[in-house]
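See below for the structure under consideration.
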Amino acid sequence: MIAESGHYALVLALALALIQSIVPLIGARLNDAALMNVARSTALAQLLFVGASFIALVTLHVASDFSVANVYENSHSMKPLIYKITGVWGNHEGSMLLWVSILALFGGLVALFGNNLPLSLRAHVLSVQAWVASAFYLFILMTSNPFLRIANPPIEGRDLNPVLQDIGLAVHPPMLYLGYVGFSISFSFAIAALMEGRIDAAWARWVRPWTLMAWIFLTLGIAMGSYWAYYELGWGGWWFWDPVENASLMPWLAGTALLHSALVMEKRNALKVWTILLSILTFSLSLLGTFLVRSGVLTSVHAFASDPTRGVFILLILCVFIGGSLSLYAARASSLKQGGLFAPISREGALVLNNLFLTTACATVLVGTLYPLGLEVLTHEKISVGAPFFNLTFGPLFVPLLIAVPFGPMLAWKRGDLLGAAQRLMAAGIGALLVLALVWAWARGGSALAAPAIALAVFVILGSLTDLVERAGLFRVPFATALSRARGLPRSVWGTAFAHAGLGVALIGIVCETTWNSEYIGTMKPEDVAKVAGYELKLDGLLQRQGPNFREMIAQFEVFSDGDKVSVMAPSKRSFSTRGSSTTEAALLTRGASQLYVSLGDVTSEGAIAVRIYHKPLVLLIWWGPVLMAFGGMLSLSDRRLRVGAPKPARAQQRLQPAE
Amino acid sequence: MTPWFVFALMTVAAIFAVLWPLGRGNRDASQDLEGQGSETAVYKDQLAEIERDLAAGLIAAPEAEAARVEIGRRLLAAASSEQASAGQSHVNWRRAAAVLALIGVPLVAIGVYAPLGSPQLKDFPLAERSRAPNMAQSLENLVTQVEQHLEKNPTDGRGWNVLAPVLERLGRYDDAVRAYRNVLTYSGENAERHSDLGEALSAAAGGVVTAEAKSEFERALALNAEEPKANYFLGLAAEQDGRKDDAAKIWRGLLAKAPADAPWRPLVASSLVRVGGSAAPALSDETLAAAKDLSEGDRGAMVRGMVERLATRLKQNGDDVDGWLRLVRAYLVMGERDKAKAALSDARQAIANDADRLRQLNEGLKNLGLDG
């Protein structure tokens, strides 16, 4: 009954979505409040039904009901409870159901909190949401239905792919989806504006917080996925320019650009048309990301979902939505009212520059991801575009962007003073040069570019601190006053500083890890000692252990530093009998922000074991950076003030205090 | 509650979600229109925000003034373009929407659900199913249950002892090997258990008594020199190594000591005939077993193919007396006496210079009942 009710609830959600995509539009045309209000109640009912459907699937997984094909294929009665739950979205069908559940959640939120929106705008937005939802409901029901049954249920399931049985996977996909799907809100707003033919001020007020929320989740989701790959896949890398990773990076880049342009739009009523285009592009890239992962075009870790019919269906959705929205944009954009004006050197100008770099970077990633696919389709030639391409294109684009980052918040709205900003950033610049000299003097080996890159990162961090110092008036006014002023600063200012500093922090981690990473790869017998970066690891022995649904072989290492025992590390290899596959569980030892990483290979016939040991200096900064960025985003989101950017008066005298 | 009753309730709820806003009175709807957000409201909020920021010292007076001017300009523009849009009610359209919901929702729901769903199937949560064991449960399910029990209690030697032969019979030799090893670990060793493990090991290797299996059998014999299974397999190992005489010796010894009613007697006897009997070796047991499963025509084709291969080989290298005998015998069995004779003369020609072999051939022919 649970299975069938869940199934039926999903079908009802489809029926409601179809009504929601037509009736409110007619209402908006006729200016009939009752018809427009249908959007709100259907959106809420849709959320109810999809939520019930999702909960039904979770219940089925928890109860190990193997009469449901999806449960049989991806679950096992011996699996720990948490992985029974996370296994719901560890497979294609379930993850698509999660996708639409989140979509319905966002639709429901707009319906619930959209009272301050003009009625027709809300009706349009919810209708567009319903189009997207209908397409995905159909996709799920027709090609990847999680509720299909088996008449003679087997007694045991086939278990979830073991690499996915991990706490990282419990969090990574929902985060990522909250990000991807969150951008659907700004997309719906953009399409609604194009259909209505006007961009409301209320429009601008809504888009920024929603984009920000999606961006926070996407940032955390990508960071989480990268950390998961780092410790679970067992080869010690954290970013591979794998097409699936690129698929999540592209919406992030476009979303970051959108975030900044939405800011300009909200505060200054400018860049409206550009923001609409970015909204469309960002969500299109999110759809593309879904397509790339779900269609089976790509073979990678994520290829647990590959099926050509699904590919065709998603391709169809992609063509209709991206093609349709871009055509609508081409037809209607010129009729939209242009917003405020600004000088090239101004906060707005800086944000435009940021947008240009981000979208170009996004385009290079797009080319690098799609070019090999296109080439393979046309000439059947398989090439792989890897790290060298991206390092050569993405890197040079990010360097000027990072140099520009500290300047942005220093400039005033409408017309800025670049020289003044440069003067205020002098201290940050000097600090960066100092670090450059220090790194050069101290560092041994590695790339010559490492030191400048670290200096750049320090410049970004110091630059964002400078902004806070300037605003609080530290060193200019008594300390107590500065402190109280700092406390009085809007949270959005703190948010900006944290987010920008996070960028620098992540960069330091990336540079240190790639430049000064040291490794030991070899086979070890018990009592052997390996030396890596000043640490000595002694293999104590190998032992076997029985887990709930796996057997594992654990190697115990004692770690010594300068002769003192620091800790014990126990990497293991787990073999899952149901799937007949195994995973490596790397052991991580965190020392400050650096990590020692041990992962196991195969046992040789003489009883020795292949071991990979890495020392990764400051590697954790790579993930602290994004966490800091997301924290900055949350601070800014918690700032409930209306954002108004006060322009710098045309002939006012120069002031040190920048505008806010 | 039947599923259809639940579905009906859900459908009603869905339809209600559409009808509810349509059914609300005109006054409510126009209130909605009046209370809705508008551009002017946003600009008014922005003006208020500027006052607050100014009071909090976040922006300076000249900038606040500039912002006020800008927003004021926008406010005016927005106010003039915003017509007082009185709500209109279109009763016909609302009725159409209501009809759409009343007919469309159930229609879409049933239309999509009927071909996909299986309303007749109940839920089968695992907990309920193990409580009420089904008599018709297949062997595989039972095995799975025992395996689950052993996952939790891996030191249950008796459990492994029950499971191992079943696994072997199901053809899961690698698992059987693991199970027998666990029996040895947790229930202690004896000759029989070592032989069982050895048997499973050779089954896993496709019938070949590997070095690993052999060491198990030897260990079994060390514990009990009379262990028949170990003796048999060691003989097989000798045969596979090409030491037929050793194999024959082992098996003969085994038969001599065996009780008359031992069930394995025929097997050993036939093996003995295979290596030591004077009858020329025919097709190996495995090949025969494989041939048994084939249809009549296929079997004929298979045999003919093998005979042909043998003939070709002998044409290239005619020294192999056994080979010639096998070929002749094969032709006889297939009823092709002429070919048998031709093969015989070929054989004589090929080994004409070797008196020893010629004698061997003649002896063999006598046994075949074909006089040279």
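Simple scheme: letters A, B, ... for chains in structure tokens order, numbers from 1 for residues in each chain, numbers from 1 for ligands in the order shown.
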- Using only C-alpha atoms, which chain B residues lie at most 6 Å away from chain A, written as a ChimeraX atom specification? /B:17-18,21-22,29,36-39,59,63,66-67,88-89,105,108-109,122-126
With C-alpha atoms kept, could you save the residues just selected as an mmCIF file, in the first residue's frame?
data_model
loop_
_atom_site.group_PDB
_atom_site.id
_atom_site.type_symbol
_atom_site.label_atom_id
_atom_site.label_comp_id
_atom_site.auth_asym_id
_atom_site.auth_seq_id
_atom_site.Cartn_x
_atom_site.Cartn_y
_atom_site.Cartn_z
ATOM 1 C CA ALA B 17 -6.564 22.268 -3.914
ATOM 2 C CA VAL B 18 -7.632 23.576 -7.313
ATOM 3 C CA PRO B 21 -9.187 29.419 -4.568
ATOM 4 C CA LEU B 22 -11.827 29.350 -7.303
ATOM 5 C CA ALA B 29 -10.084 37.845 -4.414
ATOM 6 C CA GLN B 36 -0.468 42.367 -3.433
ATOM 7 C CA GLY B 37 3.071 43.654 -3.600
ATOM 8 C CA SER B 38 3.747 46.442 -6.038
ATOM 9 C CA GLU B 39 6.651 48.482 -7.351
ATOM 10 C CA ILE B 59 25.804 56.183 4.972
ATOM 11 C CA GLU B 63 24.848 60.036 -0.301
ATOM 12 C CA ALA B 66 21.432 61.329 -3.745
ATOM 13 C CA ALA B 67 19.824 57.950 -3.148
ATOM 14 C CA GLN B 88 -12.165 41.355 -12.792
ATOM 15 C CA SER B 89 -13.993 38.139 -12.270
ATOM 16 C CA VAL B 105 -7.070 15.424 -12.488
ATOM 17 C CA VAL B 108 -4.584 12.155 -15.916
ATOM 18 C CA ALA B 109 -4.037 10.307 -12.656
ATOM 19 C CA LYS B 122 0.676 -5.617 -1.240
ATOM 20 C CA ASP B 123 3.757 -4.296 0.512
ATOM 21 C CA PHE B 124 6.392 -6.882 1.382
ATOM 22 C CA PRO B 125 8.507 -5.414 4.139
ATOM 23 C CA LEU B 126 11.272 -7.826 4.999
#
- Would you mind telling me which residue in B:Ala77, B:Leu102, B:Val166, B:Ala60 lies nearest to Phe16 (chain B) when using only C-alpha atoms?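 Ranking B:Ala77, B:Leu102, B:Val166, B:Ala60 by distance to Phe16 (chain B), first place goes to B:Leu102.
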- Query: What is the distance, in Å and to one decimal place, between CA of Gly323 (chain A) and CA of Ile280 (chain A)?
  - Reply: 10.3 Å
- Item | Shell around Ile461 (chain A) at 9 Å using only C-alpha atoms, local window under 3 positions removed, as a ChimeraX atom specification | /A:406,428,456-458,464-466,497-498,500-505
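You will find CA of Gly188 (chain B) at 16.8 Å from CA of Asn153 (chain B).
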- Item | Residue nearest Glu189 (chain B) among B:Gly207, B:Arg252, B:Ala164, B:Glu216 (counting only C-alpha atoms) |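 For Glu189 (chain B), the nearest of the given residues is B:Glu216.
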- Item | DSSP alpha helix (DSSP H) residues within region 150-302 of chain A, listed as JSON, numbers by chain | {"A": [167, 168, 169, 170, 171, 172, 173, 174, 175, 176, 177, 178, 179, 180, 181, 182, 183, 184, 185, 186, 187, 188, 189, 190, 191, 192, 193, 194, 195, 196, 201, 202, 203, 204, 205, 206, 207, 208, 209, 210, 211, 212, 213, 214, 215, 216, 217, 218, 219, 220, 221, 222, 223, 224, 225, 226, 227, 228, 229, 230, 231, 232, 243, 244, 245, 246, 247, 248, 249, 250, 251, 252, 253, 254, 255, 256, 257, 258, 259, 260, 261, 262, 263, 264, 265, 266, 267, 268, 272, 273, 274, 275, 276, 277, 278, 279, 280, 281, 282, 283, 284, 285, 286, 287, 288, 289, 290, 291, 292, 293, 294]}
